[in-house]
Amino acid sequence: MGFWMFQPPFQLAPSLLPHQPIRRNLLRLSSSLHLTEAKKEQDGADEKKQLQKKKVKELKILDSKCSQNLCIFLGSFRVPYEEIKNAILEVNEKVITESMVQSLIKLLPEAEQMSVLAEMKEEYNDLAESEQFAVVMSGVKRLTPRLQAVLFKLQFEEQLNNIKPDVVSVTAACEELSQSHAFTKLLEIILLVGNYMNAGSRNGKAFGFSISYLCKLRDTKSADLKQTLLHFLADVCQEKYPEVMGFADELIHVEKASRVSAETLQKNLDLMGRQIKNLKKDLETFPPPQSDKDLFVEKMSSFVCTADEQFEKLDMLHKNMEKQYNDLGEYFVFDPKKISVEEFFGDLNTFKNMFQQAVKENLKRKEAEEKIKRAKLAREKAEKEKEEKLKNRVLDINAEGDETGIMDGLLEALQSGAAFKRKRGPRQAANHRRAGNAVTSILAKELMQEGTPSSSKQPAKKKSDEKEEPKLEGAQSLEELLDATSSRSN
């Protein structure tokens with residue numbers, strides 16, 4: 001407000017001065033206004049300093065994205081710029097790691113930008129951190145070829161260990177397959193079964209079959225759908241050709257060979273060969289060492305000689321592998337160019353696992369059948385024993401001197417009604433009543449004989465016999481008595 005004029009309190013006339021409380025508040029307001037203005041002036045000065053600082057560190061060559069990536073890289077490793085530079089010159093593998101070299105190759109500015117930054121060494125302090133790092137790295141001659149060579153050196157052992165086992169596995173699998181007599185015998189049996197099943201058709205009397213057919217044996221099933229052709233073959237081989245059952249133990253490297261891609265193997269070998277060749281050319285045209293710390297040519301020359309020797313050996317192994325596979329194609333009559341290593345050994349490995357699984361399933365099935373058979377035999381045996389027990393309940397009259405057993409059997413026969421199974425007419429009932437009375441008298445006589453001494457047994461027996469003779473017509477035992485009774489009823 002233009003009409004507002006501020007006057008300090010000491011310039012006012014005493015008559016114009018406000019009362020004491022109001023005056024105190026005015027003094028506080030005045031002091032606060034002065035402090036706010038001072039603070040605003042200080043903040044403005046700080047902002048100017050920061051703006052000047054930012055203006056000094058402003059990017060001059062690199063773009064913001066490249067600079068940001070370099071800053072992240074430098075913050076993750078936290079190694080002085082000069083130390084990184086010396087490690088590259090010395091090829092010091094303790095400082096420079098594989099990940100560091102990969103990041104440098106990916107994040108370093110382009111060659112034109114590096115050449116421009118190399119001329120800005122005098123402005124080093126005014127540059128941003130990323131550009132300062134680029135200035136230091138520009139002091140290394142042929143930086144990118146050096147980094148690529150160092151990366152190849154760091155990765156060479158790993159590449160070698162990735163390629164060599166695959167080559168050895170395929171070579172060993174080819175040798176095992178061509179020398180396995182058990183597998184050859186198994187193929188003969190399969191061919192015989194196939195010709196028998198296809199007898200009379202155009203597929204009969206075949207001289208061979210494709211290896212891929214082995215995986216289709218499980219698709220052919222029996223009439224009751226409980227077994228497959230593969231289960232039948234496993235059963236036949238186990239019973240009649242036990243020497244065939246160990247063919248899986250002769251094909252140890254088939255599983256590893258089934259995971260090898262010949263195409264990928266060839267690409268990796270070609271890449272390794274090109275890298276060694278390029279390194280040789282770079283070393284031939286490489287400038288002399290730029291300082292005492294520059295040991296690149298010395299160390300890389302020693303490495304390339306060793307790498308070249310190992311590559312030649314690996315290349316020879318690979319050529320031998322290809323020869324073995326071609327011979328195997330001729331042996332099993334298939335085209336190695338059309339059927340890859342991975343496909344061929346993949347089918348064999350699948351068949352091997354399927355055959356072993358079929359053997360286990362046959363064993364389980366036989367155990368189940370044996371269990372059912374044992375249960376059936378046990379059931380039949382129990383029924384037979386039960387029938388024999390029922391038969392043994394019939395009275396055994398001809399037992400020698402076992403009177404107690406006779407009476408027990410007789411009582412049991414009387415209680416069960418086995419002695420009265422026949423239907424009787426009026427006359428037969430009377431005869432049987434008389435026979436029952438006679439039986440009762442004989443039982444009473446025998447009981448009395450058991451209770452008397454041996455000396456008194458004989459007279460009593462004779463007396464009772466004499467009394468019963470006219471009635472039983474000379475019957476001396478229970479069997480004779482029953483026979484006599486039955487004859488009379490007849």
# chains A, B, ... in the order shown; residues from 1 in each chain; ligands from 1

call {"tool": "residues_around", "arguments": {"residues": "stretch 134-146 of chain A", "least_positions_apart": "6", "cutoff": "8 Å", "atoms": "only C-alpha atoms", "output": "number ranges by chain"}}
result
A: 81-82, 85, 88-89, 105, 108-109, 114-115, 117-118, 120-121, 124, 282, 290, 296

call {"tool": "residues_around", "arguments": {"residues": "stretch 344-346 of chain A", "least_positions_apart": "4", "cutoff": "7 Å", "atoms": "only C-alpha atoms", "output": "VMD selection string"}}
result
chain A and resid 254 257 to 258 339 to 340 350

call {"tool": "write_last_selection", "arguments": {"atoms": "all heavy atoms", "output": "mmCIF file, in the first residue's frame"}}
result
data_model
loop_
_atom_site.group_PDB
_atom_site.id
_atom_site.type_symbol
_atom_site.label_atom_id
_atom_site.label_comp_id
_atom_site.auth_asym_id
_atom_site.auth_seq_id
_atom_site.Cartn_x
_atom_site.Cartn_y
_atom_site.Cartn_z
ATOM 1 N N VAL A 254 23.101 -92.212 -22.530
ATOM 2 C CA VAL A 254 21.994 -91.873 -23.430
ATOM 3 C C VAL A 254 21.169 -90.713 -22.876
ATOM 4 O O VAL A 254 20.744 -89.815 -23.623
ATOM 5 C CB VAL A 254 21.118 -93.116 -23.679
ATOM 6 C CG1 VAL A 254 19.816 -92.729 -24.357
ATOM 7 C CG2 VAL A 254 21.866 -94.121 -24.543
ATOM 8 N N ALA A 257 23.047 -87.483 -23.426
ATOM 9 C CA ALA A 257 23.084 -87.165 -24.857
ATOM 10 C C ALA A 257 21.733 -86.679 -25.356
ATOM 11 O O ALA A 257 21.665 -85.896 -26.317
ATOM 12 C CB ALA A 257 23.516 -88.400 -25.645
ATOM 13 N N SER A 258 20.635 -87.100 -24.702
ATOM 14 C CA SER A 258 19.306 -86.671 -25.142
ATOM 15 C C SER A 258 19.063 -85.188 -24.876
ATOM 16 O O SER A 258 18.135 -84.607 -25.430
ATOM 17 C CB SER A 258 18.228 -87.501 -24.430
ATOM 18 O OG SER A 258 18.248 -87.263 -23.034
ATOM 19 N N ILE A 339 17.491 -86.643 -38.794
ATOM 20 C CA ILE A 339 17.202 -86.932 -37.380
ATOM 21 C C ILE A 339 18.358 -86.383 -36.552
ATOM 22 O O ILE A 339 19.493 -86.841 -36.678
ATOM 23 C CB ILE A 339 17.026 -88.441 -37.144
ATOM 24 C CG1 ILE A 339 15.888 -88.983 -38.005
ATOM 25 C CG2 ILE A 339 16.765 -88.729 -35.670
ATOM 26 C CD1 ILE A 339 15.682 -90.476 -37.888
ATOM 27 N N SER A 340 18.069 -85.409 -35.720
ATOM 28 C CA SER A 340 19.111 -84.763 -34.926
ATOM 29 C C SER A 340 19.548 -85.653 -33.763
ATOM 30 O O SER A 340 18.883 -86.645 -33.416
ATOM 31 C CB SER A 340 18.609 -83.424 -34.388
ATOM 32 O OG SER A 340 17.518 -83.621 -33.511
ATOM 33 N N THR A 350 13.559 -92.208 -23.827
ATOM 34 C CA THR A 350 12.143 -92.400 -23.493
ATOM 35 C C THR A 350 11.774 -93.879 -23.486
ATOM 36 O O THR A 350 11.078 -94.359 -22.585
ATOM 37 C CB THR A 350 11.256 -91.644 -24.496
ATOM 38 O OG1 THR A 350 11.618 -90.258 -24.509
ATOM 39 C CG2 THR A 350 9.790 -91.784 -24.145
#

call {"tool": "select_by_dssp", "arguments": {"residues": "stretch 216-362 of chain A", "states": "helix (DSSP H, G or I)", "output": "PyMOL selection string"}}
result
chain A and resi 216-219+229-240+242-250+254-257+262-285+296-332+341-362

call {"tool": "atom_distance", "arguments": {"atom1": "atom CA of A:Lys94", "atom2": "atom CA of A:Cys305"}}
result
22.0 Å

call {"tool": "residues_around", "arguments": {"residues": "A:Lys153", "least_positions_apart": "6", "cutoff": "10 Å", "atoms": "only C-alpha atoms", "output": "list of chain:residue names"}}
result
A:Val91, A:Glu93, A:Glu98, A:Leu147, A:Gln275, A:Ile276, A:Met300, A:Phe303, A:Val304, A:Ala307

call {"tool": "write_last_selection", "arguments": {"atoms": "N, CA, C and O atoms", "output": "CSV table (one decimal), in the first residue's frame"}}
result
chain,number,residue,atom,x,y,z
A,91,VAL,N,45.3,-55.9,-16.9
A,91,VAL,CA,44.4,-57.1,-17.0
A,91,VAL,C,44.4,-57.8,-15.6
A,91,VAL,O,44.7,-59.0,-15.5
A,93,GLU,N,42.6,-59.4,-12.9
A,93,GLU,CA,41.4,-60.1,-12.8
A,93,GLU,C,40.9,-60.1,-11.3
A,93,GLU,O,39.7,-60.5,-11.1
A,98,GLU,N,33.9,-60.2,-14.3
A,98,GLU,CA,33.1,-60.4,-15.5
A,98,GLU,C,31.9,-59.4,-15.6
A,98,GLU,O,31.6,-58.8,-16.7
A,147,LEU,N,38.5,-54.4,-23.6
A,147,LEU,CA,37.4,-54.9,-22.8
A,147,LEU,C,36.8,-56.2,-23.3
A,147,LEU,O,36.5,-57.2,-22.6
A,275,GLN,N,36.2,-65.8,-31.9
A,275,GLN,CA,36.8,-64.9,-30.8
A,275,GLN,C,38.3,-65.1,-30.8
A,275,GLN,O,39.1,-64.1,-30.6
A,276,ILE,N,38.8,-66.3,-30.9
A,276,ILE,CA,40.2,-66.5,-30.8
A,276,ILE,C,40.9,-65.9,-32.1
A,276,ILE,O,42.0,-65.3,-32.0
A,300,MET,N,47.6,-61.3,-22.8
A,300,MET,CA,46.7,-61.8,-23.8
A,300,MET,C,47.4,-62.7,-24.8
A,300,MET,O,46.8,-63.6,-25.3
A,303,PHE,N,47.6,-66.0,-23.2
A,303,PHE,CA,46.3,-66.6,-23.1
A,303,PHE,C,45.8,-67.2,-24.4
A,303,PHE,O,45.3,-68.3,-24.5
A,304,VAL,N,46.0,-66.4,-25.5
A,304,VAL,CA,45.5,-66.8,-26.8
A,304,VAL,C,46.2,-68.1,-27.3
A,304,VAL,O,45.6,-68.9,-28.0
A,307,ALA,N,44.5,-70.9,-25.3
A,307,ALA,CA,43.1,-71.0,-25.7
A,307,ALA,C,43.0,-71.7,-27.1
A,307,ALA,O,42.1,-72.5,-27.4

call {"tool": "closest_atom_pairs", "arguments": {"of": "stretch 191-214 of chain A", "to": "stretch 232-248 of chain A", "cutoff": "12 Å", "atoms": "only C-alpha atoms", "output": "CSV"}}
result
residue,atom,partner,partner_atom,distance
A:Leu191,CA,A:Leu233,CA,11.1
A:Leu192,CA,A:Leu233,CA,10.9
A:Val193,CA,A:Leu233,CA,8.5
A:Gly194,CA,A:Leu233,CA,10.8
A:Leu214,CA,A:Leu233,CA,11.4

call {"tool": "closest_residue", "arguments": {"among": "A:Gly75, A:Pro336, A:Ala87, A:Phe209", "to": "A:Leu295", "atoms": "only C-alpha atoms"}}
result
A:Ala87

call {"tool": "atom_distance", "arguments": {"atom1": "atom CA of A:Val170", "atom2": "atom CA of A:Val341"}}
result
7.9 Å

call {"tool": "residues_around", "arguments": {"residues": "A:Glu175", "least_positions_apart": "6", "cutoff": "10 Å", "atoms": "only C-alpha atoms", "output": "PyMOL selection string"}}
result
chain A and resi 251+253+321+324-325+327-328

call {"tool": "write_last_selection", "arguments": {"atoms": "C-alpha atoms", "output": "PDB file, in the first residue's frame"}}
result
ATOM      1  CA  LEU A 251      23.427 -97.215 -22.153  1.00  0.00           C
ATOM      2  CA  HIS A 253      25.223 -91.743 -21.404  1.00  0.00           C
ATOM      3  CA  MET A 321      31.466 -87.063 -32.297  1.00  0.00           C
ATOM      4  CA  GLN A 324      30.438 -91.567 -34.515  1.00  0.00           C
ATOM      5  CA  TYR A 325      26.908 -90.302 -35.036  1.00  0.00           C
ATOM      6  CA  ASP A 327      28.370 -94.329 -38.286  1.00  0.00           C
ATOM      7  CA  LEU A 328      25.485 -94.933 -35.923  1.00  0.00           C
TER       8      LEU A 328
END

call {"tool": "atom_distance", "arguments": {"atom1": "atom CA of A:Met316", "atom2": "atom CA of A:Ile163"}}
result
12.6 Å
